[in-house]
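These notes are about the structure you will find just below.
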Amino acid sequence: MAEENKGTNYARLALGAGLLAAAAVSVAVFVPRRRLAFVTEPLATIAKLPVAAAIAALAMGLWHDATAPQAPVFDDLRPFDEF
């Protein structure tokens, strides 16, 4: 049976953070402010709606449930020794 890696993969985490940072810097450098404001104005108005707050709260609740501590899972098929 192959061993499953259950720890945090820091290389993938660093790669993802680097890609997000590169995208943010490229948007900040190459997109003019007026065009960026024109594009993000509808998003800002949507973010002010109560529905957006409700969706964010729902997402945070789902994230909290998904990352909650869980009991260990034993997936071996050996019978229990009770004597």
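Residue numbering restarts at 1 for every chain of the structure tokens, chains are lettered A, B, ... in their displayed order, and ligands are numbered from 1 as they appear.
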Checklist entry - Would you give me, as number ranges by chain, the residues in chain A that DSSP reads as alpha helix (DSSP H)? => result A: 10-30, 33-47, 50-66
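Here CA of Pro69 in chain A stands at a distance of 15.2 Å from CA of Thr8 in chain A.
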Next on the checklist: Please report the interatomic distance between CA of Leu20 in chain A and CA of Pro42 in chain A in Å with one decimal.
Outcome noted: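 Between CA of Leu20 in chain A and CA of Pro42 in chain A the gap works out to 22.4 Å.
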